[in-house]
Structure formats: C-alpha cells, structure tokens
There are 2 protein chains.
Amino acid sequence: MIEKVNKSRVISPFKPDNHAHGECLKSALDAAKLQCTNKGMRLTPLRQRVLELVWQNHEPVKAYDILDALKQEKASSAPPTVYRALDFLQQQGLVHKIESLNAYIGCGHPFESHSSQFFICQRCGSVAELDDTNVNRLIDSIANELKFTIEHEHIEIKGHCQNCVTKKHNSHA
Amino acid sequence: MIEKVNKSRVISPFKPDNHAHGECLKSALDAAKLQCTNKGMRLTPLRQRVLELVWQNHEPVKAYDILDALKQEKASSAPPTVYRALDFLQQQGLVHKIESLNAYIGCGHPFESHSSQFFICQRCGSVAELDDTNVNRLIDSIANELKFTIEHEHIEIKGHCQNCVTKKHNSHA
DNA sequence: TGTATTAATGTTATAATGTAACATTAAATC
DNA sequence: GATTTAATGTTACATTATAACATTAATACA
C-alpha cells in the first residue's frame, strides 16, 4: 500500500482525475474501522459519516461544508456536531487539518502516528501527503541544534501539481 | 546580522528573556523603512504602528490584539484597519503569518524573499525563524520529483524551546 | 497650481471559523 | 437493573476575517 520513492514515503499521491475513488473511500473506511477497533475507540455512525464526507475527494474539506451536508441528513446538526467528530478523527490519525486552509483531509494510514508533508495544488485543490524520511531527519537535526523539543509539525507546501501545470499550458491560460 | 550555523540561516533565534528588545524593534523598523523606500512603497504611520505592535516581542501577535491596541489610540479603528496593514506588511516581507496560530510575527530580514521554518514554543510562545538551505533544497527536490511547482511554503514546528524545557525541569512542573 | 487619478483609510455590515456550557441520550460497567 | 461514562444535542457566543462602499490623502501631470 505504501510505496517508497527515493526515501519518500508517499502516504497519498496526487491522483488522476478519473481514478476509481470508491476504492480510496472504501479502503479509508476499512482502515478507520480497524484502527478504532485496535485502539478500543468507537467509530460511531456520526463519526463515520463525517469521515466519509472528508473523503469525498482528495481535497481538503471545510468544517462548515461538512456541516451543510450533515444538515441535509439531520436538520438539527450544529457546529459542535462536526468539530467534535473532526477532533476525534484527528486524534485517531484519520484526518489531518491543513492549517493554512482551515480545512480537513483524510489520511489512509492512521496506524502509526507520522509526520506529514502536504503538497497542495492551488489550482485543483488536490493534496498529496508524504512522510519523507529525509525531511523528518533534517527537521529533527535542526531542532536538536536549537535544543528544541518537537511536539508537532505542520509542513504545507503550496503550488501547482503536474496535472494543472500541463492543463494551464494546453489552454494557454 | 545573519549568522550561518551549519547551513541554517538563522533569521531570528530564540532570545533570552532579558535581551535588549528595543534594539530588535529599532532594527526592524529601520529595515522596514529601508525596504519600503527601496521598493517605492509607503510605510504610512498606520502601517508603521501596526508593525511596531507586531514587534512588541518575539511571539506571534493576534490581529484582534493589535486592533485592541489601536482602539486605545483611535477609537474608530476596525478590523479592516488591522488586516489591511497586515496584508501590506506581509506583501513587503515585514510580517509573516503563523497559520497554525492565526497570528502574525515580525521579520527583520525582508530584503530578499525567503522560505521560512518557524520553531514555535508552546510554553512561552517564542518563535525562532530559520531559512535553512538544506530544508529548502530538500523540499525543492521532492517537489521536483512530484513535478510540483512551489509557490509558497508553510513550515511550522511546534514544541518547547530550550529555555522552557530547562525551567520545567527546575520547577518539577 | 489646480485638477485628475490613484492609493490609503474610514465605516458599516456580515461572513467564516471555532468553542463554552449545559442538557439529553446511548453505551459500557458492575 | 442501577450506575457511570461517553457521545450527542442544543443554545449561545467567541474569534478570525472579508465585502462593499464612502471619504480622505497622496501622487501625477496638464
């Protein structure tokens, strides 16, 4: 499931527009169920539903967009409904928050807590998630020099994915 | 002004509690004035005042805290007063936004646009800013492999600075 | 120097994001 | 079954940020 490319552990690559996303969703849900079972945590119907909504695609999803969707299904849904589910999912490693977008993205590899480097396409919104050994080591070594104890890392790289750069070229946009 | 430590360009190190902060403020303002003059941009009194407020210390400052301070000086100040000044200062490289804190921190080295790695102490709130060549090169090389074109990087490392770890130890907290 | 133009700021309103606090319901424990 | 804890419901509000239009200040240039 996890490919190693030049010491980069690719948690989630950029996906072609036409990939079979049902598979992504299914495997994410399977992973979530397994993870929660292993940890003795409850993936309640609400939490699962929020996770599904986060996994609509490979783009970060906004909390209030999730809320809007939940309201379609249950009119009384409110912000805490969403934020509590998102908090739980983040604690289980099933969802990450993209801080620079105030948005949330699913993670298909929750089993071991890991560092992440997010590459975020500003054109199509797609995100690739890596856990690159070299980046981790380098950040650790810098922290070490600074005598800094790392608790958490937010690494969010914004720009344009290959697909969008190609499209842009083709359309002379 | 810029020290090179093991290929890390230290934009702003962690400072001792008792450092002469007036010097930091003064040199930041001097740099800002020079930078704006060079670029033909106007560091108006309002913009300068906001910059001074950002430079109160080496901790990220919240927009609404700046607003509260401005209101003391001019009761009619409103959110756009602050956000417009912050936008300008960010464009000039005089201020960076810490995305994971929704807060803003001054940058004393605006002359050339650079990448930043922020180390953020969760205990005392202090921030160190680096521009590490190795990090930059590594991120670039990963982007290159992904055929990803980088526009901007947000790298925010959270944890505890040496000073706070030592204190914690001493106080058995 | 006055006039046109642009840039900056003022002002009001509202949007977007997130949390506190307490009530209720459901699940697990014993 | 009673007790306790976990999860969700509900209302209210706090925080962060922007839109839109009016006014003032600065710059350009006739």
# chains A, B, ... in the order shown; residues from 1 in each chain; ligands from 1
>>> interface_residues(of="chain A", to="chain C", cutoff="12 Å", atoms="only C-alpha atoms (C1' of nucleotides)", output="ChimeraX atom specification")
/A:42,44,62-65,78-84,86-87,99,101-103
>>> select_by_dssp(residues="stretch 6-121 of chain B", states="strand (DSSP E or B)", output="count of residues only")
19
>>> interface_residues(of="chain B", to="chain A", cutoff="8 Å", atoms="only C-alpha atoms", output="list in words")
Glu99, Ser100, Phe119, Asn134, Val135, Leu138, Ile139, Leu146, Lys147, Phe148, Thr149, Ile150, Glu151, His152, Glu153, His154, Ile155, Glu156, Ile157, Lys158, Gly159, His160, Cys161 and Gln162 of chain B
>>> interface_residues(of="chain D", to="chain B", cutoff="10 Å", atoms="only C-alpha atoms (C1' of nucleotides)", output="MDAnalysis selection string")
chainID D and resid 15:18
>>> write_last_selection(atoms="N, CA, C and O atoms (P, O5', C5', C4', C3', O3' and C1' of nucleotides)", output="PDB file, in the first residue's frame")
ATOM      1  P    DT D  15     -12.956  35.773  22.472  1.00  0.00           P
ATOM      2  O5'  DT D  15     -12.520  35.316  21.011  1.00  0.00           O
ATOM      3  C5'  DT D  15     -12.195  33.962  20.787  1.00  0.00           C
ATOM      4  C4'  DT D  15     -11.866  33.774  19.334  1.00  0.00           C
ATOM      5  C3'  DT D  15     -10.901  34.826  18.757  1.00  0.00           C
ATOM      6  O3'  DT D  15      -9.861  34.072  18.152  1.00  0.00           O
ATOM      7  C1'  DT D  15     -12.774  34.560  17.349  1.00  0.00           C
ATOM      8  P    DT D  16      -8.583  34.783  17.515  1.00  0.00           P
ATOM      9  O5'  DT D  16      -9.013  34.865  15.976  1.00  0.00           O
ATOM     10  C5'  DT D  16      -9.059  33.673  15.218  1.00  0.00           C
ATOM     11  C4'  DT D  16      -9.502  34.020  13.821  1.00  0.00           C
ATOM     12  C3'  DT D  16      -8.677  35.106  13.139  1.00  0.00           C
ATOM     13  O3'  DT D  16      -8.111  34.538  11.969  1.00  0.00           O
ATOM     14  C1'  DT D  16     -10.988  35.472  12.834  1.00  0.00           C
ATOM     15  P    DA D  17      -7.244  35.394  10.945  1.00  0.00           P
ATOM     16  O5'  DA D  17      -8.328  35.996   9.952  1.00  0.00           O
ATOM     17  C5'  DA D  17      -9.170  35.090   9.229  1.00  0.00           C
ATOM     18  C4'  DA D  17     -10.146  35.884   8.401  1.00  0.00           C
ATOM     19  C3'  DA D  17      -9.522  36.977   7.538  1.00  0.00           C
ATOM     20  O3'  DA D  17      -9.581  36.535   6.196  1.00  0.00           O
ATOM     21  C1'  DA D  17     -11.601  37.653   8.514  1.00  0.00           C
ATOM     22  P    DT D  18      -9.126  37.455   4.996  1.00  0.00           P
ATOM     23  O5'  DT D  18     -10.529  38.070   4.524  1.00  0.00           O
ATOM     24  C5'  DT D  18     -11.601  37.173   4.238  1.00  0.00           C
ATOM     25  C4'  DT D  18     -12.793  37.959   3.761  1.00  0.00           C
ATOM     26  C3'  DT D  18     -12.505  38.967   2.647  1.00  0.00           C
ATOM     27  O3'  DT D  18     -13.436  38.703   1.607  1.00  0.00           O
ATOM     28  C1'  DT D  18     -13.745  39.969   4.367  1.00  0.00           C
TER      29       DT D  18
END
>>> select_by_dssp(residues="stretch 16-81 of chain A", states="helix (DSSP H, G or I)", output="PDB file with N, CA, C and O atoms, in the first residue's frame")
ATOM      1  N   HIS A  21     -12.366   6.405  -7.271  1.00  0.00           N
ATOM      2  CA  HIS A  21     -12.304   6.963  -5.924  1.00  0.00           C
ATOM      3  C   HIS A  21     -13.054   6.119  -4.901  1.00  0.00           C
ATOM      4  O   HIS A  21     -12.743   6.160  -3.707  1.00  0.00           O
ATOM      5  N   GLY A  22     -14.021   5.369  -5.365  1.00  0.00           N
ATOM      6  CA  GLY A  22     -14.713   4.453  -4.461  1.00  0.00           C
ATOM      7  C   GLY A  22     -13.743   3.566  -3.688  1.00  0.00           C
ATOM      8  O   GLY A  22     -13.954   3.287  -2.501  1.00  0.00           O
ATOM      9  N   GLU A  23     -12.682   3.165  -4.360  1.00  0.00           N
ATOM     10  CA  GLU A  23     -11.669   2.325  -3.715  1.00  0.00           C
ATOM     11  C   GLU A  23     -10.959   3.077  -2.596  1.00  0.00           C
ATOM     12  O   GLU A  23     -10.657   2.510  -1.539  1.00  0.00           O
ATOM     13  N   CYS A  24     -10.671   4.359  -2.851  1.00  0.00           N
ATOM     14  CA  CYS A  24      -9.994   5.180  -1.840  1.00  0.00           C
ATOM     15  C   CYS A  24     -10.870   5.272  -0.601  1.00  0.00           C
ATOM     16  O   CYS A  24     -10.409   5.072   0.531  1.00  0.00           O
ATOM     17  N   LEU A  25     -12.134   5.569  -0.838  1.00  0.00           N
ATOM     18  CA  LEU A  25     -13.091   5.716   0.254  1.00  0.00           C
ATOM     19  C   LEU A  25     -13.213   4.414   1.041  1.00  0.00           C
ATOM     20  O   LEU A  25     -13.108   4.404   2.272  1.00  0.00           O
ATOM     21  N   LYS A  26     -13.395   3.348   0.300  1.00  0.00           N
ATOM     22  CA  LYS A  26     -13.576   2.048   0.945  1.00  0.00           C
ATOM     23  C   LYS A  26     -12.367   1.687   1.800  1.00  0.00           C
ATOM     24  O   LYS A  26     -12.500   1.270   2.951  1.00  0.00           O
ATOM     25  N   SER A  27     -11.194   1.869   1.236  1.00  0.00           N
ATOM     26  CA  SER A  27     -10.014   1.449   1.983  1.00  0.00           C
ATOM     27  C   SER A  27      -9.765   2.371   3.177  1.00  0.00           C
ATOM     28  O   SER A  27      -9.290   1.929   4.234  1.00  0.00           O
ATOM     29  N   ALA A  28     -10.131   3.641   3.022  1.00  0.00           N
ATOM     30  CA  ALA A  28     -10.002   4.559   4.157  1.00  0.00           C
ATOM     31  C   ALA A  28     -10.952   4.139   5.289  1.00  0.00           C
ATOM     32  O   ALA A  28     -10.572   4.151   6.469  1.00  0.00           O
ATOM     33  N   LEU A  29     -12.159   3.769   4.928  1.00  0.00           N
ATOM     34  CA  LEU A  29     -13.129   3.350   5.951  1.00  0.00           C
ATOM     35  C   LEU A  29     -12.689   2.049   6.619  1.00  0.00           C
ATOM     36  O   LEU A  29     -12.799   1.903   7.840  1.00  0.00           O
ATOM     37  N   ASP A  30     -12.187   1.134   5.803  1.00  0.00           N
ATOM     38  CA  ASP A  30     -11.684  -0.124   6.368  1.00  0.00           C
ATOM     39  C   ASP A  30     -10.557   0.152   7.357  1.00  0.00           C
ATOM     40  O   ASP A  30     -10.526  -0.400   8.455  1.00  0.00           O
ATOM     41  N   ALA A  31      -9.646   1.011   6.940  1.00  0.00           N
ATOM     42  CA  ALA A  31      -8.518   1.355   7.815  1.00  0.00           C
ATOM     43  C   ALA A  31      -9.026   2.000   9.103  1.00  0.00           C
ATOM     44  O   ALA A  31      -8.534   1.706  10.195  1.00  0.00           O
ATOM     45  N   ALA A  32     -10.007   2.865   8.963  1.00  0.00           N
ATOM     46  CA  ALA A  32     -10.546   3.572  10.128  1.00  0.00           C
ATOM     47  C   ALA A  32     -11.179   2.583  11.100  1.00  0.00           C
ATOM     48  O   ALA A  32     -10.953   2.657  12.322  1.00  0.00           O
ATOM     49  N   LYS A  33     -11.963   1.664  10.565  1.00  0.00           N
ATOM     50  CA  LYS A  33     -12.628   0.686  11.430  1.00  0.00           C
ATOM     51  C   LYS A  33     -11.600  -0.151  12.169  1.00  0.00           C
ATOM     52  O   LYS A  33     -11.700  -0.371  13.377  1.00  0.00           O
ATOM     53  N   LEU A  34     -10.605  -0.601  11.424  1.00  0.00           N
ATOM     54  CA  LEU A  34      -9.566  -1.427  12.020  1.00  0.00           C
ATOM     55  C   LEU A  34      -8.811  -0.659  13.099  1.00  0.00           C
ATOM     56  O   LEU A  34      -8.596  -1.155  14.214  1.00  0.00           O
ATOM     57  N   GLN A  35      -8.452   0.551  12.771  1.00  0.00           N
ATOM     58  CA  GLN A  35      -7.701   1.397  13.696  1.00  0.00           C
ATOM     59  C   GLN A  35      -8.490   1.608  14.984  1.00  0.00           C
ATOM     60  O   GLN A  35      -7.946   1.511  16.088  1.00  0.00           O
ATOM     61  N   CYS A  36      -9.766   1.906  14.852  1.00  0.00           N
ATOM     62  CA  CYS A  36     -10.590   2.171  16.037  1.00  0.00           C
ATOM     63  C   CYS A  36     -10.780   0.896  16.854  1.00  0.00           C
ATOM     64  O   CYS A  36     -10.713   0.931  18.087  1.00  0.00           O
ATOM     65  N   THR A  37     -11.002  -0.194  16.181  1.00  0.00           N
ATOM     66  CA  THR A  37     -11.099  -1.469  16.881  1.00  0.00           C
ATOM     67  C   THR A  37      -9.825  -1.743  17.674  1.00  0.00           C
ATOM     68  O   THR A  37      -9.867  -2.040  18.870  1.00  0.00           O
ATOM     69  N   ASN A  38      -8.695  -1.590  17.000  1.00  0.00           N
ATOM     70  CA  ASN A  38      -7.409  -1.850  17.656  1.00  0.00           C
ATOM     71  C   ASN A  38      -7.199  -0.982  18.882  1.00  0.00           C
ATOM     72  O   ASN A  38      -6.621  -1.435  19.874  1.00  0.00           O
ATOM     73  N   LYS A  39      -7.641   0.253  18.785  1.00  0.00           N
ATOM     74  CA  LYS A  39      -7.397   1.195  19.865  1.00  0.00           C
ATOM     75  C   LYS A  39      -8.535   1.217  20.884  1.00  0.00           C
ATOM     76  O   LYS A  39      -8.495   2.000  21.847  1.00  0.00           O
ATOM     77  N   PRO A  45     -21.667   5.995  14.106  1.00  0.00           N
ATOM     78  CA  PRO A  45     -22.218   6.345  12.791  1.00  0.00           C
ATOM     79  C   PRO A  45     -21.940   7.801  12.421  1.00  0.00           C
ATOM     80  O   PRO A  45     -21.588   8.093  11.272  1.00  0.00           O
ATOM     81  N   LEU A  46     -22.076   8.692  13.392  1.00  0.00           N
ATOM     82  CA  LEU A  46     -21.802  10.109  13.107  1.00  0.00           C
ATOM     83  C   LEU A  46     -20.346  10.319  12.706  1.00  0.00           C
ATOM     84  O   LEU A  46     -20.044  10.994  11.713  1.00  0.00           O
ATOM     85  N   ARG A  47     -19.445   9.763  13.472  1.00  0.00           N
ATOM     86  CA  ARG A  47     -18.022   9.917  13.171  1.00  0.00           C
ATOM     87  C   ARG A  47     -17.690   9.310  11.813  1.00  0.00           C
ATOM     88  O   ARG A  47     -16.903   9.877  11.044  1.00  0.00           O
ATOM     89  N   GLN A  48     -18.274   8.157  11.542  1.00  0.00           N
ATOM     90  CA  GLN A  48     -18.011   7.526  10.252  1.00  0.00           C
ATOM     91  C   GLN A  48     -18.544   8.393   9.110  1.00  0.00           C
ATOM     92  O   GLN A  48     -17.885   8.557   8.079  1.00  0.00           O
ATOM     93  N   ARG A  49     -19.723   8.960   9.341  1.00  0.00           N
ATOM     94  CA  ARG A  49     -20.320   9.798   8.298  1.00  0.00           C
ATOM     95  C   ARG A  49     -19.445  11.020   8.019  1.00  0.00           C
ATOM     96  O   ARG A  49     -19.233  11.385   6.865  1.00  0.00           O
ATOM     97  N   VAL A  50     -18.932  11.623   9.080  1.00  0.00           N
ATOM     98  CA  VAL A  50     -18.050  12.781   8.896  1.00  0.00           C
ATOM     99  C   VAL A  50     -16.784  12.353   8.152  1.00  0.00           C
ATOM    100  O   VAL A  50     -16.322  13.045   7.241  1.00  0.00           O
ATOM    101  N   LEU A  51     -16.269  11.196   8.519  1.00  0.00           N
ATOM    102  CA  LEU A  51     -15.079  10.698   7.824  1.00  0.00           C
ATOM    103  C   LEU A  51     -15.364  10.488   6.338  1.00  0.00           C
ATOM    104  O   LEU A  51     -14.549  10.838   5.482  1.00  0.00           O
ATOM    105  N   GLU A  52     -16.534   9.921   6.043  1.00  0.00           N
ATOM    106  CA  GLU A  52     -16.909   9.729   4.638  1.00  0.00           C
ATOM    107  C   GLU A  52     -16.961  11.066   3.909  1.00  0.00           C
ATOM    108  O   GLU A  52     -16.508  11.184   2.765  1.00  0.00           O
ATOM    109  N   LEU A  53     -17.524  12.061   4.574  1.00  0.00           N
ATOM    110  CA  LEU A  53     -17.643  13.378   3.940  1.00  0.00           C
ATOM    111  C   LEU A  53     -16.266  14.004   3.713  1.00  0.00           C
ATOM    112  O   LEU A  53     -16.032  14.665   2.695  1.00  0.00           O
ATOM    113  N   VAL A  54     -15.349  13.771   4.643  1.00  0.00           N
ATOM    114  CA  VAL A  54     -13.982  14.257   4.451  1.00  0.00           C
ATOM    115  C   VAL A  54     -13.351  13.562   3.239  1.00  0.00           C
ATOM    116  O   VAL A  54     -12.571  14.162   2.502  1.00  0.00           O
ATOM    117  N   ALA A  63     -15.022  22.563   7.462  1.00  0.00           N
ATOM    118  CA  ALA A  63     -15.920  22.076   8.506  1.00  0.00           C
ATOM    119  C   ALA A  63     -17.370  22.442   8.211  1.00  0.00           C
ATOM    120  O   ALA A  63     -18.279  21.626   8.392  1.00  0.00           O
ATOM    121  N   TYR A  64     -17.580  23.660   7.757  1.00  0.00           N
ATOM    122  CA  TYR A  64     -18.954  24.106   7.526  1.00  0.00           C
ATOM    123  C   TYR A  64     -19.560  23.491   6.266  1.00  0.00           C
ATOM    124  O   TYR A  64     -20.781  23.430   6.139  1.00  0.00           O
ATOM    125  N   ASP A  65     -18.730  23.001   5.368  1.00  0.00           N
ATOM    126  CA  ASP A  65     -19.260  22.248   4.231  1.00  0.00           C
ATOM    127  C   ASP A  65     -19.740  20.882   4.705  1.00  0.00           C
ATOM    128  O   ASP A  65     -20.773  20.373   4.257  1.00  0.00           O
ATOM    129  N   ILE A  66     -18.976  20.296   5.615  1.00  0.00           N
ATOM    130  CA  ILE A  66     -19.418  19.042   6.214  1.00  0.00           C
ATOM    131  C   ILE A  66     -20.731  19.273   6.962  1.00  0.00           C
ATOM    132  O   ILE A  66     -21.677  18.487   6.851  1.00  0.00           O
ATOM    133  N   LEU A  67     -20.773  20.377   7.689  1.00  0.00           N
ATOM    134  CA  LEU A  67     -21.984  20.690   8.446  1.00  0.00           C
ATOM    135  C   LEU A  67     -23.184  20.834   7.521  1.00  0.00           C
ATOM    136  O   LEU A  67     -24.273  20.309   7.811  1.00  0.00           O
ATOM    137  N   ASP A  68     -22.996  21.523   6.408  1.00  0.00           N
ATOM    138  CA  ASP A  68     -24.099  21.678   5.457  1.00  0.00           C
ATOM    139  C   ASP A  68     -24.604  20.318   4.981  1.00  0.00           C
ATOM    140  O   ASP A  68     -25.815  20.104   4.871  1.00  0.00           O
ATOM    141  N   ALA A  69     -23.661  19.431   4.707  1.00  0.00           N
ATOM    142  CA  ALA A  69     -24.054  18.090   4.252  1.00  0.00           C
ATOM    143  C   ALA A  69     -24.812  17.353   5.353  1.00  0.00           C
ATOM    144  O   ALA A  69     -25.848  16.720   5.100  1.00  0.00           O
ATOM    145  N   LEU A  70     -24.323  17.458   6.583  1.00  0.00           N
ATOM    146  CA  LEU A  70     -24.997  16.781   7.705  1.00  0.00           C
ATOM    147  C   LEU A  70     -26.398  17.336   7.909  1.00  0.00           C
ATOM    148  O   LEU A  70     -27.323  16.591   8.243  1.00  0.00           O
ATOM    149  N   LYS A  71     -26.548  18.633   7.710  1.00  0.00           N
ATOM    150  CA  LYS A  71     -27.855  19.263   7.903  1.00  0.00           C
ATOM    151  C   LYS A  71     -28.887  18.737   6.910  1.00  0.00           C
ATOM    152  O   LYS A  71     -30.074  18.680   7.218  1.00  0.00           O
ATOM    153  N   GLN A  72     -28.411  18.363   5.723  1.00  0.00           N
ATOM    154  CA  GLN A  72     -29.308  17.747   4.746  1.00  0.00           C
ATOM    155  C   GLN A  72     -29.893  16.462   5.308  1.00  0.00           C
ATOM    156  O   GLN A  72     -31.021  16.083   5.000  1.00  0.00           O
ATOM    157  N   GLU A  73     -29.076  15.791   6.121  1.00  0.00           N
ATOM    158  CA  GLU A  73     -29.457  14.463   6.609  1.00  0.00           C
ATOM    159  C   GLU A  73     -30.150  14.552   7.959  1.00  0.00           C
ATOM    160  O   GLU A  73     -30.915  13.662   8.335  1.00  0.00           O
ATOM    161  N   PRO A  79     -22.533  23.225  14.650  1.00  0.00           N
ATOM    162  CA  PRO A  79     -21.065  23.191  14.587  1.00  0.00           C
ATOM    163  C   PRO A  79     -20.410  22.165  15.510  1.00  0.00           C
ATOM    164  O   PRO A  79     -19.515  21.432  15.050  1.00  0.00           O
ATOM    165  N   PRO A  80     -20.823  22.065  16.774  1.00  0.00           N
ATOM    166  CA  PRO A  80     -20.141  21.070  17.619  1.00  0.00           C
ATOM    167  C   PRO A  80     -20.259  19.645  17.095  1.00  0.00           C
ATOM    168  O   PRO A  80     -19.369  18.827  17.328  1.00  0.00           O
ATOM    169  N   THR A  81     -21.348  19.371  16.399  1.00  0.00           N
ATOM    170  CA  THR A  81     -21.505  18.048  15.791  1.00  0.00           C
ATOM    171  C   THR A  81     -20.285  17.728  14.933  1.00  0.00           C
ATOM    172  O   THR A  81     -19.695  16.643  15.025  1.00  0.00           O
TER     173      THR A  81
END
>>> residues_around(residues="A:Gly125", least_positions_apart="6", cutoff="9 Å", atoms="only C-alpha atoms (C1' of nucleotides)", output="number ranges by chain")
A: 58-60
>>> write_last_selection(atoms="N, CA, C and O atoms", output="PDB file, in the first residue's frame")
ATOM      1  N   HIS A  58      -9.954  14.116  -2.841  1.00  0.00           N
ATOM      2  CA  HIS A  58      -8.611  14.269  -2.258  1.00  0.00           C
ATOM      3  C   HIS A  58      -8.269  15.728  -2.019  1.00  0.00           C
ATOM      4  O   HIS A  58      -7.110  16.127  -2.089  1.00  0.00           O
ATOM      5  N   GLU A  59      -9.323  16.493  -1.743  1.00  0.00           N
ATOM      6  CA  GLU A  59      -9.139  17.904  -1.448  1.00  0.00           C
ATOM      7  C   GLU A  59      -9.546  18.182  -0.012  1.00  0.00           C
ATOM      8  O   GLU A  59     -10.438  17.532   0.522  1.00  0.00           O
ATOM      9  N   PRO A  60      -8.892  19.133   0.619  1.00  0.00           N
ATOM     10  CA  PRO A  60      -9.276  19.462   1.990  1.00  0.00           C
ATOM     11  C   PRO A  60     -10.723  19.959   2.008  1.00  0.00           C
ATOM     12  O   PRO A  60     -11.152  20.675   1.109  1.00  0.00           O
TER      13      PRO A  60
END
>>> atom_distance(atom1="atom CA of B:Val95", atom2="atom CA of A:Ser126")
28.0 Å
>>> atom_distance(atom1="atom CA of A:Lys167", atom2="atom CA of A:Asp17")
12.2 Å
